[in-house]
$ cat run_34.txt   # compact mmCIF, C-alpha atoms and all ligand atoms
# COMPACT_ATOMS: atom_id res chain seq x y z
CA MET V 824 27.03 -17.08 12.17
CA MET V 825 24.37 -19.10 13.92
CA ASN V 826 26.88 -21.32 15.77
CA THR V 827 28.30 -18.41 17.70
CA ALA V 828 25.00 -16.74 18.64
CA THR V 829 23.90 -16.94 22.24
CA PRO V 830 20.21 -17.07 23.07
CA ASN V 831 19.14 -14.12 25.19
CA LYS V 832 15.59 -13.31 26.29
CA ASP V 833 16.44 -9.86 27.71
CA THR V 834 16.75 -7.86 24.48
CA ASP V 835 15.43 -4.73 22.81
CA LEU V 836 13.41 -6.77 20.32
CA ALA V 837 11.88 -8.90 23.08
CA ARG V 838 10.78 -5.68 24.76
CA LEU V 839 9.16 -4.49 21.51
CA LEU V 840 7.49 -7.84 20.86
CA ASN V 841 5.45 -10.23 23.00
CA LYS V 842 3.11 -7.50 24.18
CA MET V 843 0.03 -9.05 22.64
CA THR V 844 -1.57 -12.44 23.24
CA LYS V 845 -1.81 -12.78 19.46
CA GLY V 846 0.13 -11.08 16.70
CA ASP V 847 3.62 -10.53 18.01
CA ASN V 848 3.87 -13.45 20.43
CA THR V 849 7.06 -14.96 19.06
CA ASP V 850 7.58 -16.90 22.32
CA GLU V 851 4.58 -19.01 21.37
CA CYS V 852 6.00 -20.23 18.04
CA LEU V 853 5.47 -23.98 17.61
CA THR V 854 8.29 -24.21 15.03
CA CYS V 855 5.79 -26.02 12.79
CA GLY V 856 7.08 -24.37 9.59
CA ALA V 857 3.64 -23.64 8.15
CA CYS V 858 4.85 -20.08 7.53
CA ASN V 859 7.85 -21.23 5.47
CA SER V 860 5.60 -23.19 3.12
CA ARG V 861 3.51 -20.05 2.50
CA CYS V 862 6.34 -17.69 1.57
CA THR V 863 6.45 -17.55 -2.22
CA TRP V 864 9.83 -16.18 -3.03
CA PHE V 865 12.68 -18.00 -1.20
CA ASP V 866 15.34 -18.37 -3.87
CA GLY V 867 18.40 -20.11 -2.40
CA PRO V 868 20.76 -17.16 -2.03
CA GLY V 869 17.97 -14.72 -1.17
CA GLY V 870 14.59 -14.48 0.42
CA PRO V 871 13.17 -14.59 3.91
CA MET V 872 12.57 -17.71 5.99
CA PRO V 873 9.76 -16.69 8.30
CA ARG V 874 10.15 -19.50 10.83
CA GLN V 875 13.82 -18.67 11.20
CA MET V 876 13.06 -14.98 11.69
CA VAL V 877 10.48 -15.73 14.37
CA ARG V 878 12.80 -18.13 16.19
CA MET V 879 15.66 -15.63 16.03
CA ALA V 880 13.38 -13.02 17.60
CA ALA V 881 12.17 -15.48 20.25
CA LEU V 882 15.70 -16.53 21.18
CA GLY V 883 17.01 -12.98 21.28
CA LEU V 884 19.37 -13.47 18.35
CA GLU V 885 18.89 -9.88 17.29
CA GLN V 886 22.27 -9.32 15.71
CA SER V 887 21.98 -12.55 13.70
CA LEU V 888 18.57 -11.46 12.47
CA VAL V 889 19.83 -8.01 11.50
CA ASP V 890 22.90 -9.50 9.77
CA SER V 891 20.84 -12.08 7.85
CA ASN V 892 19.49 -9.66 5.17
CA MET V 893 16.12 -11.34 5.61
CA LEU V 894 14.67 -8.22 7.22
CA TRP V 895 14.78 -6.25 3.98
CA ASP V 896 14.11 -9.23 1.73
CA CYS V 897 10.75 -9.78 3.47
CA LEU V 898 7.88 -8.22 1.54
CA VAL V 899 5.88 -7.75 4.78
CA CYS V 900 2.95 -9.29 2.91
CA ASN V 901 1.70 -11.53 5.76
CA ARG V 902 0.97 -14.44 3.43
CA CYS V 903 2.88 -16.64 5.88
CA THR V 904 0.79 -15.29 8.76
CA GLN V 905 -2.40 -16.62 7.21
CA ASP V 906 -1.63 -20.24 8.20
CA CYS V 907 0.20 -19.64 11.48
CA PRO V 908 -1.62 -21.64 14.19
CA MET V 909 -0.44 -19.14 16.82
CA GLY V 910 -1.43 -16.02 14.88
CA ILE V 911 2.11 -14.67 14.78
CA THR V 912 1.99 -11.67 12.47
CA MET V 913 5.06 -11.34 10.32
CA ASP V 914 4.76 -7.64 9.52
CA LEU V 915 4.91 -6.88 13.25
CA VAL V 916 7.93 -9.12 13.80
CA VAL V 917 9.84 -7.85 10.77
CA THR V 918 9.09 -4.14 11.11
CA ARG V 919 9.86 -4.20 14.86
CA ALA V 920 13.19 -5.82 14.08
CA ARG V 921 13.81 -3.21 11.36
CA SER V 922 13.31 -0.51 14.00
CA LEU V 923 16.22 -1.74 16.15
CA ALA V 924 19.17 0.60 16.45
CA ALA V 925 21.41 -2.23 15.18
CA ALA V 926 19.32 -2.41 11.98
CA ASP V 927 19.53 1.31 11.25
CA GLY V 928 22.50 0.97 8.89
CA GLN V 929 20.54 -1.48 6.75
CA ILE V 930 17.63 0.83 5.98
CA PRO V 931 17.86 1.44 2.21
CA GLY V 932 19.18 4.94 1.45
CA ASP V 933 16.13 5.83 -0.65
CA ILE V 934 13.80 5.01 2.24
CA LYS V 935 15.85 7.05 4.71
CA LYS V 936 15.88 10.01 2.33
CA GLY V 937 12.16 9.68 1.59
CA ILE V 938 11.28 9.66 5.29
CA THR V 939 13.33 12.80 5.94
CA THR V 940 11.78 14.60 2.98
CA ARG V 941 8.25 13.53 3.87
CA LEU V 942 8.64 14.75 7.46
CA GLU V 943 10.11 18.05 6.26
CA LEU V 944 7.77 18.87 3.36
CA GLY V 945 4.75 16.56 3.63
CA ASP V 946 5.66 14.87 0.34
CA VAL V 947 8.03 11.95 -0.03
CA ASN V 948 9.32 13.24 -3.39
CA GLY V 949 10.06 16.70 -2.02
CA LEU V 950 7.25 18.65 -3.70
CA THR V 951 7.16 22.02 -1.94
CA THR V 952 3.92 23.80 -1.01
CA GLU V 953 4.56 26.40 -3.73
CA GLU V 954 5.11 23.69 -6.35
CA PHE V 955 2.00 21.87 -5.15
CA VAL V 956 -0.17 24.99 -5.44
CA GLU V 957 1.23 25.87 -8.86
CA THR V 958 0.68 22.32 -10.17
CA VAL V 959 -2.87 22.00 -8.82
CA GLU V 960 -3.95 25.43 -10.07
CA TRP V 961 -2.62 24.69 -13.54
CA MET V 962 -4.33 21.28 -13.52
CA SER V 963 -7.58 22.87 -12.38
CA GLU V 964 -7.61 25.21 -15.40
CA GLU V 965 -6.99 22.28 -17.76
CA PHE V 966 -9.72 20.28 -16.04
CA SER V 967 -12.30 23.07 -16.40
CA ASP V 968 -11.46 23.28 -20.13
CA ASP V 969 -11.74 19.49 -20.53
CA MET V 970 -15.11 19.41 -18.79
CA GLU V 971 -16.23 22.57 -20.61
CA ASN V 972 -17.50 23.84 -17.30
CA PRO V 973 -15.84 26.64 -15.25
CA ASP V 974 -17.34 25.09 -12.10
CA ALA V 975 -15.38 21.88 -12.66
CA GLN V 976 -12.32 22.66 -10.56
CA ILE V 977 -9.57 21.02 -8.58
CA LEU V 978 -9.48 23.04 -5.37
CA HIS V 979 -6.93 23.06 -2.58
CA ASP V 980 -7.19 24.07 1.09
CA GLN V 981 -10.93 24.70 0.78
CA PRO V 982 -12.58 24.53 4.22
CA GLY V 983 -15.96 22.87 4.75
CA CYS V 984 -15.79 20.41 1.86
CA LYS V 985 -17.32 16.98 2.22
CA PHE V 986 -14.23 15.16 0.94
CA LEU V 987 -10.49 15.66 1.19
CA TYR V 988 -8.55 13.63 -1.37
CA LEU V 989 -5.11 12.44 -0.28
CA PRO V 990 -3.13 11.62 -3.41
CA ASN V 991 -0.25 9.28 -4.00
CA PRO V 992 2.96 11.28 -4.64
CA ARG V 993 3.10 9.80 -8.16
CA GLU V 994 -0.15 11.64 -8.95
CA LEU V 995 1.59 14.98 -8.41
CA GLY V 996 4.73 13.91 -10.25
CA ILE V 997 4.98 11.42 -13.10
CA ASN V 998 1.28 10.51 -13.26
CA LEU V 999 -0.70 13.77 -13.31
CA MET V 1000 -3.27 12.12 -15.60
CA HIS V 1001 -4.28 9.86 -12.73
CA LEU V 1002 -5.14 12.85 -10.54
CA THR V 1003 -7.21 14.34 -13.37
CA ALA V 1004 -9.03 11.00 -13.69
CA MET V 1005 -9.84 11.10 -9.95
CA ALA V 1006 -11.08 14.71 -10.32
CA LYS V 1007 -13.52 13.47 -12.96
CA LEU V 1008 -14.93 10.95 -10.49
CA PHE V 1009 -15.45 13.61 -7.79
CA TYR V 1010 -17.01 15.93 -10.38
CA ALA V 1011 -19.51 13.21 -11.35
CA MET V 1012 -20.40 12.61 -7.69
CA GLY V 1013 -21.49 16.24 -7.45
CA GLU V 1014 -19.98 16.68 -3.99
CA THR V 1015 -17.59 19.30 -2.66
CA TRP V 1016 -14.00 18.13 -2.45
CA THR V 1017 -10.54 19.57 -1.95
CA LEU V 1018 -6.85 18.77 -1.80
CA SER V 1019 -4.57 20.12 0.93
CA SER V 1020 -1.20 21.76 0.41
CA HIS V 1021 -0.22 20.81 3.97
CA HIS V 1022 -0.20 17.07 3.40
CA THR V 1023 0.04 15.96 -0.16
CA ASP V 1024 1.04 12.36 0.44
CA VAL V 1025 -0.87 9.17 1.30
CA THR V 1026 2.29 7.11 1.93
CA ASN V 1027 3.78 6.27 5.33
CA TRP V 1028 7.27 4.86 5.12
CA GLY V 1029 7.49 4.95 8.91
CA TYR V 1030 5.47 1.73 8.68
CA PHE V 1031 8.17 0.09 6.51
CA VAL V 1032 10.87 0.81 9.08
CA GLY V 1033 8.70 -0.10 12.09
CA LYS V 1034 9.30 3.23 13.79
CA ASP V 1035 6.06 4.14 15.53
CA ASP V 1036 7.18 7.69 16.30
CA VAL V 1037 7.82 8.34 12.59
CA ALA V 1038 4.60 6.59 11.49
CA LYS V 1039 2.66 8.55 14.11
CA GLU V 1040 4.07 11.89 12.97
CA MET V 1041 3.19 11.09 9.36
CA VAL V 1042 -0.37 10.22 10.42
CA ARG V 1043 -0.59 13.41 12.50
CA MET V 1044 0.56 15.46 9.50
CA VAL V 1045 -2.45 14.13 7.60
CA VAL V 1046 -5.06 14.08 10.36
CA GLU V 1047 -4.68 17.49 12.02
CA PRO V 1048 -4.90 19.67 8.85
CA ALA V 1049 -7.78 17.47 7.62
CA GLU V 1050 -9.65 18.09 10.86
CA ALA V 1051 -8.90 21.82 10.62
CA LEU V 1052 -10.58 21.87 7.19
CA GLY V 1053 -13.69 20.33 8.75
CA ILE V 1054 -14.06 17.55 6.20
CA GLU V 1055 -16.46 14.66 6.61
CA THR V 1056 -14.45 11.95 4.85
CA LEU V 1057 -10.79 11.48 3.98
CA VAL V 1058 -10.57 9.78 0.58
CA LEU V 1059 -7.36 7.89 0.01
CA SER V 1060 -5.68 7.41 -3.31
CA GLU V 1061 -5.08 3.81 -4.35
CA CYS V 1062 -2.12 3.03 -2.06
CA GLY V 1063 -1.93 -0.30 -0.23
CA HIS V 1064 0.23 0.48 2.77
CA GLY V 1065 -1.15 4.04 3.04
CA TYR V 1066 -4.65 2.56 3.24
CA HIS V 1067 -3.59 -0.02 5.84
CA VAL V 1068 -1.96 2.58 8.09
CA LEU V 1069 -4.65 5.29 7.81
CA LYS V 1070 -7.61 2.90 7.91
CA CYS V 1071 -6.43 0.25 10.39
CA ARG V 1072 -3.61 1.73 12.47
CA ALA V 1073 -4.19 5.50 12.70
CA ALA V 1074 -6.20 5.39 15.94
CA GLU V 1075 -3.65 3.14 17.65
CA LEU V 1076 -0.75 5.37 16.55
CA LEU V 1077 -2.49 8.66 17.44
CA GLY V 1078 -4.08 7.40 20.64
CA ARG V 1079 -7.50 8.60 19.42
CA GLU V 1080 -9.90 8.23 16.51
CA PRO V 1081 -9.63 10.85 13.73
CA LYS V 1082 -12.71 13.10 13.49
CA PHE V 1083 -13.60 11.90 9.99
CA ASN V 1084 -14.27 8.70 8.06
CA VAL V 1085 -11.55 7.10 5.96
CA VAL V 1086 -12.29 5.39 2.64
CA SER V 1087 -10.34 4.56 -0.48
CA ILE V 1088 -11.35 6.10 -3.81
CA PRO V 1089 -12.63 2.73 -5.17
CA GLU V 1090 -14.76 2.26 -2.02
CA LEU V 1091 -16.21 5.76 -2.40
CA CYS V 1092 -16.97 5.27 -6.10
CA LEU V 1093 -18.67 1.97 -5.38
CA SER V 1094 -20.93 3.53 -2.75
CA TYR V 1095 -21.94 6.33 -5.19
CA ALA V 1096 -22.54 3.74 -7.91
CA GLN V 1097 -24.74 1.70 -5.58
CA LYS V 1098 -26.75 4.87 -4.84
CA GLY V 1099 -27.18 5.37 -8.59
CA VAL V 1100 -25.17 8.61 -8.67
CA LEU V 1101 -22.25 7.20 -10.67
CA THR V 1102 -22.94 5.08 -13.73
CA PHE V 1103 -20.43 3.34 -15.94
CA ASP V 1104 -20.34 2.02 -19.47
CA PRO V 1105 -18.75 -1.45 -19.39
CA ASP V 1106 -18.40 -1.38 -23.19
CA VAL V 1107 -15.55 1.11 -22.79
CA HIS V 1108 -13.50 -1.94 -21.72
CA PRO V 1109 -15.10 -4.73 -23.80
CA TYR V 1110 -12.98 -7.54 -22.38
CA GLU V 1111 -12.33 -9.52 -19.17
CA ILE V 1112 -9.85 -8.01 -16.72
CA ALA V 1113 -7.86 -9.94 -14.12
CA TYR V 1114 -7.69 -8.46 -10.61
CA HIS V 1115 -4.65 -8.45 -8.30
CA ASP V 1116 -5.29 -8.10 -4.54
CA PRO V 1117 -2.80 -5.65 -2.98
CA CYS V 1118 -1.67 -7.41 0.24
CA ASN V 1119 -2.19 -4.26 2.33
CA VAL V 1120 -5.70 -3.60 1.04
CA ALA V 1121 -6.87 -7.22 0.99
CA ARG V 1122 -5.21 -9.65 3.43
CA LYS V 1123 -4.08 -6.97 5.90
CA SER V 1124 -7.17 -4.71 5.84
CA GLY V 1125 -10.01 -6.94 4.61
CA GLY V 1126 -10.68 -4.90 1.44
CA TYR V 1127 -11.47 -7.81 -0.88
CA ASP V 1128 -14.82 -6.99 -2.47
CA PRO V 1129 -15.19 -3.24 -3.24
CA PRO V 1130 -12.48 -3.10 -5.94
CA ARG V 1131 -13.87 -6.25 -7.60
CA GLN V 1132 -17.44 -4.91 -7.48
CA LEU V 1133 -16.44 -1.57 -8.98
CA LEU V 1134 -14.28 -3.21 -11.64
CA ALA V 1135 -17.17 -5.49 -12.65
CA MET V 1136 -19.21 -2.37 -13.52
CA CYS V 1137 -16.49 -1.03 -15.83
CA CYS V 1138 -15.59 -3.99 -18.06
CA HIS V 1139 -16.89 -7.28 -19.46
CA GLY V 1140 -16.02 -9.43 -16.45
CA VAL V 1141 -13.44 -9.87 -13.70
CA LYS V 1142 -11.19 -12.91 -13.74
CA GLU V 1143 -9.48 -14.13 -10.58
CA LEU V 1144 -5.79 -14.85 -10.38
CA VAL V 1145 -5.16 -18.22 -8.74
CA PRO V 1146 -4.68 -18.17 -5.75
CA ASN V 1147 -6.39 -14.95 -4.66
CA ARG V 1148 -7.95 -13.06 -1.72
CA GLU V 1149 -6.51 -14.37 1.63
CA ASP V 1150 -4.13 -16.60 -0.33
CA GLY V 1151 -3.13 -13.93 -2.83
CA VAL V 1152 0.53 -13.68 -3.77
CA CYS V 1153 2.40 -10.38 -3.30
CA CYS V 1154 3.27 -8.52 -6.51
CA GLY V 1155 6.86 -8.73 -5.33
CA GLY V 1156 7.16 -5.03 -4.55
CA GLY V 1157 5.88 -4.93 -0.95
CA GLY V 1158 7.51 -3.96 2.34
CA GLY V 1159 9.55 -1.07 0.94
CA ILE V 1160 11.42 -3.09 -1.70
CA LEU V 1161 9.77 -1.11 -4.54
CA GLN V 1162 10.82 2.17 -2.95
CA ASP V 1163 14.48 1.09 -2.96
CA SER V 1164 15.88 1.95 -6.39
CA THR V 1165 18.65 -0.68 -6.11
CA THR V 1166 16.23 -3.63 -6.20
CA THR V 1167 15.03 -3.70 -9.82
CA LYS V 1168 16.71 -7.08 -10.55
CA LYS V 1169 15.63 -8.58 -7.24
CA ARG V 1170 12.03 -7.50 -7.79
CA MET V 1171 11.89 -9.61 -10.94
CA ILE V 1172 12.70 -12.63 -8.70
CA THR V 1173 10.28 -11.67 -5.92
CA GLY V 1174 7.62 -11.01 -8.59
CA LYS V 1175 8.10 -14.23 -10.61
CA PRO V 1176 5.25 -16.11 -8.85
CA LYS V 1177 2.92 -13.20 -9.63
CA ALA V 1178 4.11 -13.05 -13.25
CA ASP V 1179 3.32 -16.78 -13.59
CA GLN V 1180 -0.20 -16.15 -12.29
CA MET V 1181 -0.65 -13.25 -14.69
CA ARG V 1182 0.41 -15.38 -17.67
CA ALA V 1183 -1.91 -18.21 -16.61
CA THR V 1184 -4.97 -15.95 -16.99
CA GLY V 1185 -4.41 -15.78 -20.74
CA LEU V 1186 -5.70 -12.19 -20.57
CA LYS V 1187 -4.23 -8.93 -21.81
CA HIS V 1188 -5.59 -6.68 -19.03
CA LEU V 1189 -4.94 -6.57 -15.31
CA ALA V 1190 -6.22 -4.16 -12.65
CA THR V 1191 -5.21 -3.47 -9.08
CA ALA V 1192 -6.11 -0.98 -6.35
CA CYS V 1193 -2.61 0.22 -5.39
CA LEU V 1194 -0.30 2.48 -7.38
CA SER V 1195 2.79 0.68 -6.02
CA CYS V 1196 1.46 -2.72 -7.14
CA HIS V 1197 0.51 -1.03 -10.41
CA ARG V 1198 4.13 -0.04 -11.03
CA GLN V 1199 5.56 -3.43 -10.07
CA LEU V 1200 2.97 -5.37 -12.12
CA GLY V 1201 3.65 -3.18 -15.16
CA GLU V 1202 7.38 -3.87 -14.84
CA LEU V 1203 6.68 -7.62 -14.50
CA SER V 1204 4.56 -7.52 -17.65
CA THR V 1205 7.44 -5.94 -19.57
CA HIS V 1206 10.22 -8.08 -18.08
CA PHE V 1207 8.42 -11.40 -18.57
CA GLU V 1208 6.95 -10.31 -21.93
CA LEU V 1209 3.40 -10.93 -20.79
CA GLY V 1210 1.88 -8.24 -23.01
CA MET V 1211 -0.52 -7.29 -20.22
CA LYS V 1212 -1.73 -3.73 -19.78
CA VAL V 1213 -1.94 -2.85 -16.09
CA GLU V 1214 -4.39 -0.22 -14.81
CA THR V 1215 -5.76 0.86 -11.46
CA VAL V 1216 -9.41 0.17 -10.64
CA ALA V 1217 -10.22 3.85 -10.08
CA ALA V 1218 -8.58 4.88 -13.36
CA LEU V 1219 -10.68 2.31 -15.23
CA ALA V 1220 -13.79 3.56 -13.44
CA SER V 1221 -13.00 7.13 -14.49
CA GLU V 1222 -12.49 6.05 -18.12
CA SER V 1223 -15.86 4.31 -18.27
CA LEU V 1224 -17.78 7.00 -16.39
CA LEU V 1225 -21.04 8.14 -18.02
CA LEU V 1226 -21.33 11.91 -17.50
S1 LIG Q 1 3.63 -20.90 11.35
FE1 LIG Q 1 3.67 -19.73 13.29
S2 LIG Q 1 3.99 -21.26 14.86
FE2 LIG Q 1 4.52 -22.25 12.90
S3 LIG Q 1 6.77 -21.88 12.69
FE3 LIG Q 1 5.74 -20.20 11.66
S4 LIG Q 1 5.61 -18.58 13.21
FE4 LIG Q 1 6.03 -20.50 14.31
S1 LIG Q 2 5.66 -11.63 5.11
FE1 LIG Q 2 5.58 -12.39 2.97
S2 LIG Q 2 7.69 -12.20 2.22
FE2 LIG Q 2 7.78 -12.00 4.47
S3 LIG Q 2 8.24 -14.06 5.18
FE3 LIG Q 2 5.99 -13.84 5.19
S4 LIG Q 2 5.29 -14.61 3.19
FE4 LIG Q 2 7.51 -14.27 3.05

$ encode --input "run_34.txt" --output "structure tokens" --more "lines below"
Ligand code: SF4
Ligand code: SF4
Amino acid sequence: MMNTATPNKDTDLARLLNKMTKGDNTDECLTCGACNSRCTWFDGPGGPMPRQMVRMAALGLEQSLVDSNMLWDCLVCNRCTQDCPMGITMDLVVTRARSLAAADGQIPGDIKKGITTRLELGDVNGLTTEEFVETVEWMSEEFSDDMENPDAQILHDQPGCKFLYLPNPRELGINLMHLTAMAKLFYAMGETWTLSSHHTDVTNWGYFVGKDDVAKEMVRMVVEPAEALGIETLVLSECGHGYHVLKCRAAELLGREPKFNVVSIPELCLSYAQKGVLTFDPDVHPYEIAYHDPCNVARKSGGYDPPRQLLAMCCHGVKELVPNREDGVCCGGGGGILQDSTTTKKRMITGKPKADQMRATGLKHLATACLSCHRQLGELSTHFELGMKVETVAALASESLLL
């Protein structure tokens, strides 16, 4: 394949890249290979080789890059980017290449379908507005009963609230308990909050496929109804890539700043705990818990400390996986691979380095601040017989809340 490719600098990908002095400047690659040594999952027949991808982009070998399968093997985790002396950012290179017309046929069917559904209905799983309203109203009644307080409600489309909570689609499908746990946290804060039936979904799969027009429309579908409700702060469910897009890329995509603050639910809980409004009983979890950094929250958005600080209030100590923070290893489910239902076997290969880290802690409990990582880590625990229970940080906070 490579022997027949002809270098060409005048290509679609070259026009998409090399616009920045840092980040997507593939022309500046030194071919040093530092990136290759940082990628954790190359496995002979599969796995990305970041230096090769960057050089293919720089030389205009677009078709070779698209044909290589590396585009959809890459977890878009940016671990390789951390040591690049030229600051070449792999998620930009890979997602731009995924956006090429030639790469369209390689987009996993589940991702294509999810994007269409999300753009049509505001929810990647196809929850309609009527189903959303019915689900939330039923949950609200149950929540009032649980709290033994008719004022404890889960509202939707309520104008003038301080907070709008943007859930992960799993919280309105297979994991309703998680949404109830988040409602308990808002209830304890004593602030007004609402959901919105117009945009029920924190995810943005436009980011996975590198299509700015799709990513922008998904951001607009969140931002405009939120602004119409007049909220002060948009509170994001624990979702790594959703957090990265809405916190770090929304203004660039929209061409303006949203008229509200954006925080994740662990960040919000931590700030209310630091003000003394939320208090937690660490004896509810009388053991040490390991913490996994979601790549999109940590390395790509700088959110290292708030989840750790909140977790430390809710258990008997936080243990670090090794390596962690900037050097943290992807759970093996990043970049859209988790959302592709054909990858279950492959994800046990991409996740093996993380499973080894989990085993090395010698612990039985692991927390993370992303519901996608949560699913992948739980599957790793089962597959590799680690016996580790995996929770999200916000769910643990809700469990240990003192009301
Ligand atoms: S680390 Fe950066 S400069 Fe070195 S080969 Fe990789 S992309 Fe090129
Ligand atoms: S972004 Fe992650 S998976 Fe992709 S090449 Fe870099 S280290 Fe490997």

$ residues_around --input "run_34.txt" --residues "Ile911 of chain V" --least-positions-apart "5" --cutoff "7 Å" --atoms "all atoms listed in the file" --output "VMD selection string"
chain V and resid 845 to 849 904

$ residues_near_ligand --input "run_34.txt" --ligand "ligand LIG 1 (chain Q)" --cutoff "7 Å" --atoms "only C-alpha atoms and all ligand atoms" --output "ChimeraX atom specification"
/V:851-859,873-874,877,903-904,906-911

$ residues_near_point --input "run_34.txt" --point "(19.4, -13.0, 23.9)" --cutoff "8 Å" --atoms "only C-alpha atoms" --output "ChimeraX atom specification"
/V:829-834,882-885

$ closest_residue --input "run_34.txt" --among "V:Leu1052, V:Phe986, V:Arg921, V:Asn948" --to "Asp933 of chain V" --atoms "only C-alpha atoms"
V:Asn948

$ residues_near_ligand --input "run_34.txt" --ligand "ligand LIG 2 (chain Q)" --cutoff "10 Å" --atoms "all atoms listed in the file" --output "ChimeraX atom specification"
/V:858-865,870-877,893-905,912-917,1118,1152-1153,1155-1158,1173

$ residues_around --input "run_34.txt" --residues "segment 1055-1057 of chain V" --least-positions-apart "4" --cutoff "10 Å" --atoms "all atoms listed in the file" --output "PyMOL selection string"
chain V and resi 983-989+1016+1045-1046+1049-1050+1069-1070+1081-1088+1091

$ residues_near_point --input "run_34.txt" --point "(5.0, 3.3, 10.2)" --cutoff "10 Å" --atoms "all atoms listed in the file" --output "ChimeraX atom specification"
/V:918,922,1026-1042,1064-1065,1068,1072-1073,1076

$ atom_distance --input "run_34.txt" --atom1 "atom CA of Asp1128 of chain V" --atom2 "atom CA of Lys1007 of chain V"
23.0 Å

$ atom_distance --input "run_34.txt" --atom1 "atom CA of Arg1182 of chain V" --atom2 "atom CA of Gly1063 of chain V"
23.2 Å

$ atom_distance --input "run_34.txt" --atom1 "atom CA of Val959 of chain V" --atom2 "atom CA of Cys1137 of chain V"
27.7 Å

$ axis_aligned_box --input "run_34.txt" --around "segment 1193-1198 of chain V" --padding-each-side "3 Å" --output "lines of an AutoDock Vina configuration file"
center_x = 0.8
center_y = -0.1
center_z = -8.2
size_x = 12.7
size_y = 11.2
size_z = 11.6

$ closest_residue --input "run_34.txt" --among "V:Ser1020, V:Ser1221, V:Ser1124, V:Gln886" --to "Ala1004 of chain V" --atoms "only C-alpha atoms"
V:Ser1221

$ residues_around --input "run_34.txt" --residues "segment 999-1002 of chain V" --least-positions-apart "4" --cutoff "10 Å" --atoms "only C-alpha atoms" --output "list in words"
Thr958, Val959, Met962, Ile977, Tyr988, Pro990, Asn991, Pro992, Arg993, Glu994, Leu995, Ala1006, Lys1007, Leu1008, Ser1060, Leu1194, Thr1215, Ala1217, Ala1218 and Ser1221 of chain V

$ residues_around --input "run_34.txt" --residues "Leu1133 of chain V" --least-positions-apart "3" --cutoff "8 Å" --atoms "only C-alpha atoms" --output "PyMOL selection string"
chain V and resi 1089+1092-1093+1129-1130+1136-1137+1216+1220

$ closest_residue --input "run_34.txt" --among "V:Pro868, V:Pro982, V:Gly1159, V:Gly937" --to "Ile1172 of chain V" --atoms "all atoms listed in the file"
V:Pro868
